[in-house]
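Structure first, commentary second.
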Amino acid sequence: MRGVGTVSAPSARVARSGHRIHRAAAVALAAALTAGATACSNPGSGSAGGAKDSAVVGIATEPESLSPLLGFGKDGNSKIFDGLLAMGPDMQLKPALAAALPKVSPDGLTYTYTLRKGVTFSDGKPFTAEDVVFTYKTVLDPKTNNASRSELDAVKDVTAPGGDTVVFTLKYPYAPFAQRTVHPIVPRHVLVGQDVNTGPFTTRPVGTGPYLLSSWSKGEKLTFKANPSYWGGAPAVKKFTMAVIKDDDVRATRLRAGDLDGAILPPNLAEGFKGDKSRKTHAATTYDYRTVTLPTGNKVTGDLAVRRALDVAVDRKAMVDKILEGAGKPAYGPVPTDSEWFAKGTERTHDLDRAKQILDEAGWKPGGDGIRVKDGVRAEFPLWYPSGDKLRQDHALAYASDAKKAGISVKTQAGTWEVIEPRMKQDAVLAGGGSPGDPDFDQYLLLTSSLAGDGFNNMAWYDNPAVDQALVKGRQSGDKAVRKSAYETVQRELVKNPGYTFLTHIDHLYVVNDKWDGLSTQVEPHEHGLASGPWWNVEDWTPKK
């Protein structure tokens, strides 16, 4: 088992999966091919326009694996699986496979869960405490390719002292541990003897959740059917399809054509449905940020003066107003400005003159074309963004425009993650991230130096000893005041030494046919595919009469 702040380097493929599940991890859910129009337009296949008890929604990305052991569904709402606990609409923890919230020892080192009785997996076998022990111990096994394993670093042991009891023993009083137990539970009896990294369970899962996977056409769609024996009651929506449509414009076109019942859309495309009385737009506040990685290994972005200059040269408010059409807010770090954990006074005002002054004082002098040069190095670097992602493209172009006014040339380039990933150590990336709840969830993976270069963790190779120390203090203390001080230290250090240029926090907009009751949204993470959106609780939807 790893110590605090260390991690086993996963393969590139697994790192991508972990990032897309955690981000879209970067981080929840990987880039996928555009679905063909005919794939989901046939009502007989459970698509839009079919029976009232079926629905088809358009998502931007899909997972590489459906196994929670590899990171799928780790933040809840996986549809196929349940955790011991779940998050309600108000983001408060509630029992799921556990019969009640855990009993926590006074020293914060022991969490005891009593399990719900009468729960079965979709294959009819009973859910037991041994399934919980197996799930967590397998995730913590270094042989398991789970890029998010460090999120459970506090766990020292997990045991099942009784048939309906599970006890977690922690190495230190990790304050947000209960939130980590939304992690889905897998069936031990199915996985024993399988290679958990490559076995059939990764694409043919068995869980206790409200839906069963009925088919998965990779790059095209995932289709689910209601679990008739679900412990929470059989869902009214009997067939649920997620069409994987990477391109924002195509998703909007398919929705307008009636191929989809709902879709996530960027603000400018969602605006086009404003007058449509047959559809409703649902807005979800989020922790989802867009940021530019500034790799320390690049001769330009590795220069502290360049990073500080870019931090004040960027016009965040203009991005919110023009790109997001007001559906978001400026970002100065991973913590949103309206969070109780935000450090007041760390806001950065757009100040082009100050940016120029910082560069002048550091020896970056304008060349004949206005682009600055220092010691023969031209202030120029590439900025990659995923193809088809209009929001990231617009952010990248605005960032490049602002940077050029300060004398820094940013060359925007689109590509797939397979193209981008090998370049991340040297090239900047328009990245995304964000996880609601505890500040440890975002900041540790994003900033700790020990995770530099570990897949999509710490993509900027950020290395700041003061931040490393504060992150460990925030992670290991059970005292909220101590933790709050630690995370304020992190945010103030990012003002002095920004390893990223944080741009915006984005509200997620979903346009959905108005034919069901029960739709709502949660405060959402960065990933917005299978787990988020108004369909986070599709098992509770009922057709309108």
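Residues in the structure tokens are named by chain (A, B, ... in the order shown) and by number from 1 within that chain; ligands are numbered from 1 in the order shown.
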Leaving out Gln476 in chain A and any residue of its chain fewer than 2 positions from it, which residues lie within 8 Å of it when counting only C-alpha atoms, given as a PDB file with all heavy atoms, in the first residue's frame?
ATOM      1  N   TYR A 172      -5.052   7.852   9.419  1.00  0.00           N
ATOM      2  CA  TYR A 172      -5.134   9.194   9.999  1.00  0.00           C
ATOM      3  C   TYR A 172      -6.583   9.650   9.879  1.00  0.00           C
ATOM      4  O   TYR A 172      -7.351   9.101   9.087  1.00  0.00           O
ATOM      5  CB  TYR A 172      -4.187  10.172   9.290  1.00  0.00           C
ATOM      6  CG  TYR A 172      -4.252  10.142   7.782  1.00  0.00           C
ATOM      7  CD1 TYR A 172      -5.210  10.882   7.084  1.00  0.00           C
ATOM      8  CD2 TYR A 172      -3.334   9.394   7.043  1.00  0.00           C
ATOM      9  CE1 TYR A 172      -5.264  10.864   5.689  1.00  0.00           C
ATOM     10  CE2 TYR A 172      -3.382   9.374   5.655  1.00  0.00           C
ATOM     11  CZ  TYR A 172      -4.341  10.111   4.988  1.00  0.00           C
ATOM     12  OH  TYR A 172      -4.383  10.093   3.612  1.00  0.00           O
ATOM     13  N   PRO A 173      -6.996  10.634  10.679  1.00  0.00           N
ATOM     14  CA  PRO A 173      -8.416  11.036  10.671  1.00  0.00           C
ATOM     15  C   PRO A 173      -8.782  11.857   9.438  1.00  0.00           C
ATOM     16  O   PRO A 173      -8.836  13.085   9.483  1.00  0.00           O
ATOM     17  CB  PRO A 173      -8.540  11.866  11.961  1.00  0.00           C
ATOM     18  CG  PRO A 173      -7.183  12.403  12.198  1.00  0.00           C
ATOM     19  CD  PRO A 173      -6.215  11.358  11.705  1.00  0.00           C
ATOM     20  N   TYR A 174      -9.024  11.146   8.362  1.00  0.00           N
ATOM     21  CA  TYR A 174      -9.341  11.774   7.080  1.00  0.00           C
ATOM     22  C   TYR A 174     -10.796  12.261   7.120  1.00  0.00           C
ATOM     23  O   TYR A 174     -11.735  11.471   6.995  1.00  0.00           O
ATOM     24  CB  TYR A 174      -9.115  10.762   5.966  1.00  0.00           C
ATOM     25  CG  TYR A 174      -9.355  11.252   4.559  1.00  0.00           C
ATOM     26  CD1 TYR A 174      -8.788  12.429   4.099  1.00  0.00           C
ATOM     27  CD2 TYR A 174     -10.124  10.510   3.680  1.00  0.00           C
ATOM     28  CE1 TYR A 174      -8.990  12.869   2.804  1.00  0.00           C
ATOM     29  CE2 TYR A 174     -10.331  10.928   2.380  1.00  0.00           C
ATOM     30  CZ  TYR A 174      -9.768  12.109   1.941  1.00  0.00           C
ATOM     31  OH  TYR A 174      -9.973  12.546   0.649  1.00  0.00           O
ATOM     32  N   ALA A 175     -10.966  13.560   7.274  1.00  0.00           N
ATOM     33  CA  ALA A 175     -12.298  14.130   7.548  1.00  0.00           C
ATOM     34  C   ALA A 175     -13.368  13.761   6.529  1.00  0.00           C
ATOM     35  O   ALA A 175     -14.503  13.465   6.901  1.00  0.00           O
ATOM     36  CB  ALA A 175     -12.182  15.648   7.678  1.00  0.00           C
ATOM     37  N   VAL A 472      -0.854  17.837   2.605  1.00  0.00           N
ATOM     38  CA  VAL A 472      -0.784  16.727   3.548  1.00  0.00           C
ATOM     39  C   VAL A 472      -1.481  17.112   4.854  1.00  0.00           C
ATOM     40  O   VAL A 472      -2.237  16.318   5.436  1.00  0.00           O
ATOM     41  CB  VAL A 472       0.676  16.314   3.804  1.00  0.00           C
ATOM     42  CG1 VAL A 472       0.751  15.297   4.948  1.00  0.00           C
ATOM     43  CG2 VAL A 472       1.287  15.721   2.540  1.00  0.00           C
ATOM     44  N   LYS A 473      -1.256  18.340   5.319  1.00  0.00           N
ATOM     45  CA  LYS A 473      -1.903  18.796   6.551  1.00  0.00           C
ATOM     46  C   LYS A 473      -3.421  18.811   6.380  1.00  0.00           C
ATOM     47  O   LYS A 473      -4.165  18.362   7.262  1.00  0.00           O
ATOM     48  CB  LYS A 473      -1.400  20.198   6.927  1.00  0.00           C
ATOM     49  CG  LYS A 473      -1.984  20.718   8.241  1.00  0.00           C
ATOM     50  CD  LYS A 473      -1.452  22.099   8.575  1.00  0.00           C
ATOM     51  CE  LYS A 473       0.005  22.043   8.951  1.00  0.00           C
ATOM     52  NZ  LYS A 473       0.488  23.378   9.426  1.00  0.00           N
ATOM     53  N   GLY A 474      -3.895  19.304   5.251  1.00  0.00           N
ATOM     54  CA  GLY A 474      -5.327  19.347   4.998  1.00  0.00           C
ATOM     55  C   GLY A 474      -5.932  17.970   4.889  1.00  0.00           C
ATOM     56  O   GLY A 474      -7.071  17.735   5.305  1.00  0.00           O
ATOM     57  N   GLY A 478      -8.143  16.198  11.294  1.00  0.00           N
ATOM     58  CA  GLY A 478      -9.575  16.083  11.509  1.00  0.00           C
ATOM     59  C   GLY A 478     -10.178  17.378  12.015  1.00  0.00           C
ATOM     60  O   GLY A 478     -11.386  17.449  12.263  1.00  0.00           O
TER      61      GLY A 478
END
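Separating CA of Trp461 in chain A from CA of Ser65 in chain A is a distance of 26.9 Å.
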Once DSSP has gone over the backbone, tell me which residues of range 334-541 of chain A are in alpha helix (DSSP H), as a PyMOL selection string. chain A and resi 352-361+390-405+417-420+440-447+465-476+480-496
Nearest-residue call for Met87 in chain A, choices A:Leu397, A:Gln179, A:Ser485, A:Leu447, using only C-alpha atoms: A:Gln179
For Val139 in chain A, find every residue with an atom within 8 Å (counting only C-alpha atoms), except residues of its own chain fewer than 3 positions away, and show them as JSON, numbers by chain. {"A": [69, 70, 135, 136, 142, 144, 146, 149]}
Keeping only C-alpha atoms, write those residues as a PDB file, in the first residue's frame.
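Output contents, as saved in again_36.pdb:
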ATOM      1  CA  LEU A  69     -12.263  -1.416  -9.563  1.00  0.00           C
ATOM      2  CA  LEU A  70     -10.693   0.640 -12.362  1.00  0.00           C
ATOM      3  CA  THR A 135     -14.037  -4.067  -3.482  1.00  0.00           C
ATOM      4  CA  TYR A 136     -11.903  -1.807  -1.324  1.00  0.00           C
ATOM      5  CA  PRO A 142      -1.098  -1.868  -6.415  1.00  0.00           C
ATOM      6  CA  THR A 144      -5.066  -3.014  -9.865  1.00  0.00           C
ATOM      7  CA  ASN A 146      -6.846   2.294 -10.741  1.00  0.00           C
ATOM      8  CA  ARG A 149      -6.207   4.840  -5.786  1.00  0.00           C
TER       9      ARG A 149
END
I'd like the neighbourhood of Gln426 in chain A as a list of chain:residue names, where a residue qualifies if any of its atoms comes within 10 Å (using only C-alpha atoms), though same-chain residues fewer than 5 positions away should be ignored.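 That gives A:Thr293, A:Leu294, A:Pro295, A:Thr296, A:Gly297, A:Asn298, A:Lys299, A:Val300, A:Thr301, A:Gly302, A:Phe381, A:Pro382, A:Met459, A:Ala460, A:Trp461.
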Quote the spacing between CA of Leu391 in chain A and CA of Val419 in chain A in Å to one decimal place. 19.1 Å
All strand (DSSP E) residues (DSSP, backbone) inside range 65-139 of chain A, as a PyMOL selection string: chain A and resi 85-87+93-95+103-104+110-114
What does the file look like for those residues with all heavy atoms, as a JSON list (two decimals), in the first residue's frame?
[["chain", "number", "residue", "atom", "x", "y", "z"],
["A", 85, "LEU", "N", -22.91, 4.52, 0.64],
["A", 85, "LEU", "CA", -23.67, 5.75, 0.77],
["A", 85, "LEU", "C", -23.90, 6.36, -0.61],
["A", 85, "LEU", "O", -23.30, 5.94, -1.59],
["A", 85, "LEU", "CB", -22.91, 6.75, 1.66],
["A", 85, "LEU", "CG", -22.53, 6.31, 3.07],
["A", 85, "LEU", "CD1", -21.79, 7.42, 3.80],
["A", 85, "LEU", "CD2", -23.75, 5.87, 3.87],
["A", 86, "ALA", "N", -24.78, 7.33, -0.68],
["A", 86, "ALA", "CA", -25.05, 8.05, -1.92],
["A", 86, "ALA", "C", -25.25, 9.52, -1.59],
["A", 86, "ALA", "O", -25.46, 9.90, -0.43],
["A", 86, "ALA", "CB", -26.31, 7.49, -2.60],
["A", 87, "MET", "N", -25.16, 10.36, -2.63],
["A", 87, "MET", "CA", -25.41, 11.78, -2.47],
["A", 87, "MET", "C", -26.83, 12.11, -2.91],
["A", 87, "MET", "O", -27.25, 11.71, -4.00],
["A", 87, "MET", "CB", -24.42, 12.60, -3.31],
["A", 87, "MET", "CG", -23.00, 12.52, -2.83],
["A", 87, "MET", "SD", -22.75, 13.49, -1.34],
["A", 87, "MET", "CE", -20.95, 13.44, -1.25],
["A", 93, "LEU", "N", -25.01, 13.31, 2.31],
["A", 93, "LEU", "CA", -24.89, 11.85, 2.27],
["A", 93, "LEU", "C", -26.15, 11.19, 2.81],
["A", 93, "LEU", "O", -26.78, 11.66, 3.76],
["A", 93, "LEU", "CB", -23.69, 11.41, 3.11],
["A", 93, "LEU", "CG", -22.31, 11.72, 2.51],
["A", 93, "LEU", "CD1", -21.23, 11.46, 3.55],
["A", 93, "LEU", "CD2", -22.06, 10.91, 1.26],
["A", 94, "LYS", "N", -26.52, 10.07, 2.18],
["A", 94, "LYS", "CA", -27.66, 9.28, 2.62],
["A", 94, "LYS", "C", -27.31, 7.81, 2.48],
["A", 94, "LYS", "O", -26.45, 7.43, 1.67],
["A", 94, "LYS", "CB", -28.91, 9.62, 1.81],
["A", 94, "LYS", "CG", -28.79, 9.30, 0.32],
["A", 94, "LYS", "CD", -30.08, 9.65, -0.42],
["A", 94, "LYS", "CE", -29.99, 9.23, -1.90],
["A", 94, "LYS", "NZ", -31.25, 9.52, -2.62],
["A", 95, "PRO", "N", -27.95, 6.93, 3.22],
["A", 95, "PRO", "CA", -27.64, 5.50, 3.12],
["A", 95, "PRO", "C", -28.03, 4.94, 1.75],
["A", 95, "PRO", "O", -29.02, 5.35, 1.15],
["A", 95, "PRO", "CB", -28.51, 4.89, 4.23],
["A", 95, "PRO", "CG", -28.84, 6.01, 5.15],
["A", 95, "PRO", "CD", -28.92, 7.23, 4.29],
["A", 103, "LYS", "N", -21.07, 4.89, 11.93],
["A", 103, "LYS", "CA", -20.69, 5.31, 13.27],
["A", 103, "LYS", "C", -19.18, 5.57, 13.25],
["A", 103, "LYS", "O", -18.40, 4.71, 12.84],
["A", 103, "LYS", "CB", -21.04, 4.21, 14.28],
["A", 103, "LYS", "CG", -22.53, 3.97, 14.44],
["A", 103, "LYS", "CD", -22.81, 2.88, 15.46],
["A", 103, "LYS", "CE", -24.32, 2.64, 15.61],
["A", 103, "LYS", "NZ", -24.60, 1.54, 16.58],
["A", 104, "VAL", "N", -18.80, 6.77, 13.69],
["A", 104, "VAL", "CA", -17.40, 7.17, 13.64],
["A", 104, "VAL", "C", -16.84, 7.25, 15.06],
["A", 104, "VAL", "O", -17.47, 7.83, 15.95],
["A", 104, "VAL", "CB", -17.25, 8.54, 12.95],
["A", 104, "VAL", "CG1", -15.77, 8.89, 12.79],
["A", 104, "VAL", "CG2", -17.94, 8.54, 11.59],
["A", 110, "THR", "N", -11.99, 5.10, 13.00],
["A", 110, "THR", "CA", -12.79, 3.90, 12.73],
["A", 110, "THR", "C", -14.19, 4.29, 12.25],
["A", 110, "THR", "O", -14.87, 5.09, 12.90],
["A", 110, "THR", "CB", -12.92, 3.02, 13.99],
["A", 110, "THR", "OG1", -11.61, 2.69, 14.46],
["A", 110, "THR", "CG2", -13.67, 1.74, 13.67],
["A", 111, "TYR", "N", -14.58, 3.73, 11.12],
["A", 111, "TYR", "CA", -15.92, 3.96, 10.56],
["A", 111, "TYR", "C", -16.61, 2.60, 10.47],
["A", 111, "TYR", "O", -16.11, 1.67, 9.81],
["A", 111, "TYR", "CB", -15.83, 4.56, 9.15],
["A", 111, "TYR", "CG", -15.47, 6.03, 9.12],
["A", 111, "TYR", "CD1", -14.22, 6.47, 9.53],
["A", 111, "TYR", "CD2", -16.39, 6.98, 8.67],
["A", 111, "TYR", "CE1", -13.88, 7.83, 9.50],
["A", 111, "TYR", "CE2", -16.06, 8.34, 8.63],
["A", 111, "TYR", "CZ", -14.81, 8.74, 9.05],
["A", 111, "TYR", "OH", -14.49, 10.08, 9.02],
["A", 112, "THR", "N", -17.76, 2.48, 11.13],
["A", 112, "THR", "CA", -18.49, 1.21, 11.16],
["A", 112, "THR", "C", -19.81, 1.36, 10.42],
["A", 112, "THR", "O", -20.62, 2.25, 10.72],
["A", 112, "THR", "CB", -18.75, 0.77, 12.59],
["A", 112, "THR", "OG1", -17.50, 0.64, 13.29],
["A", 112, "THR", "CG2", -19.48, -0.57, 12.61],
["A", 113, "TYR", "N", -20.03, 0.50, 9.43],
["A", 113, "TYR", "CA", -21.25, 0.51, 8.62],
["A", 113, "TYR", "C", -22.06, -0.75, 8.87],
["A", 113, "TYR", "O", -21.51, -1.86, 8.88],
["A", 113, "TYR", "CB", -20.90, 0.55, 7.13],
["A", 113, "TYR", "CG", -20.28, 1.85, 6.66],
["A", 113, "TYR", "CD1", -18.94, 2.13, 6.89],
["A", 113, "TYR", "CD2", -21.04, 2.79, 5.97],
["A", 113, "TYR", "CE1", -18.36, 3.31, 6.45],
["A", 113, "TYR", "CE2", -20.47, 3.98, 5.52],
["A", 113, "TYR", "CZ", -19.14, 4.23, 5.77],
["A", 113, "TYR", "OH", -18.58, 5.41, 5.33],
["A", 114, "THR", "N", -23.35, -0.57, 9.05],
["A", 114, "THR", "CA", -24.28, -1.70, 9.10],
["A", 114, "THR", "C", -24.98, -1.78, 7.74],
["A", 114, "THR", "O", -25.48, -0.77, 7.24],
["A", 114, "THR", "CB", -25.33, -1.50, 10.21],
["A", 114, "THR", "OG1", -24.65, -1.41, 11.46],
["A", 114, "THR", "CG2", -26.30, -2.67, 10.24]]
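The interatomic distance for the pair CA of Asp375 in chain A and CA of Ala400 in chain A works out to 22.7 Å.
Among the candidates A:Glu325, A:Glu493, A:Glu220, A:Asp507, the one nearest to Ile264 in chain A when counting only C-alpha atoms is A:Asp507.
Excluding range 118-127 of chain A and any residue on its chain fewer than 2 positions from it, the residues at most 6 Å away by only C-alpha atoms are A:Val206, A:Gly207, A:Thr208, A:Trp231.
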Spatial neighbours of Arg307 in chain A, max dist 12 Å, only C-alpha atoms, sep filter under 2 positions, as number ranges by chain: A: 292-296, 298-305, 309-314, 355, 358-359, 362, 379, 403, 406, 408, 428, 460, 462, 494-502
Skip Gln522 in chain A itself and residues of its chain fewer than 5 positions away, then list as a PyMOL selection string all residues within 12 Å of it, counting only C-alpha atoms. chain A and resi 76-77+87-92+282-287+435-437+507-508+528+531-537
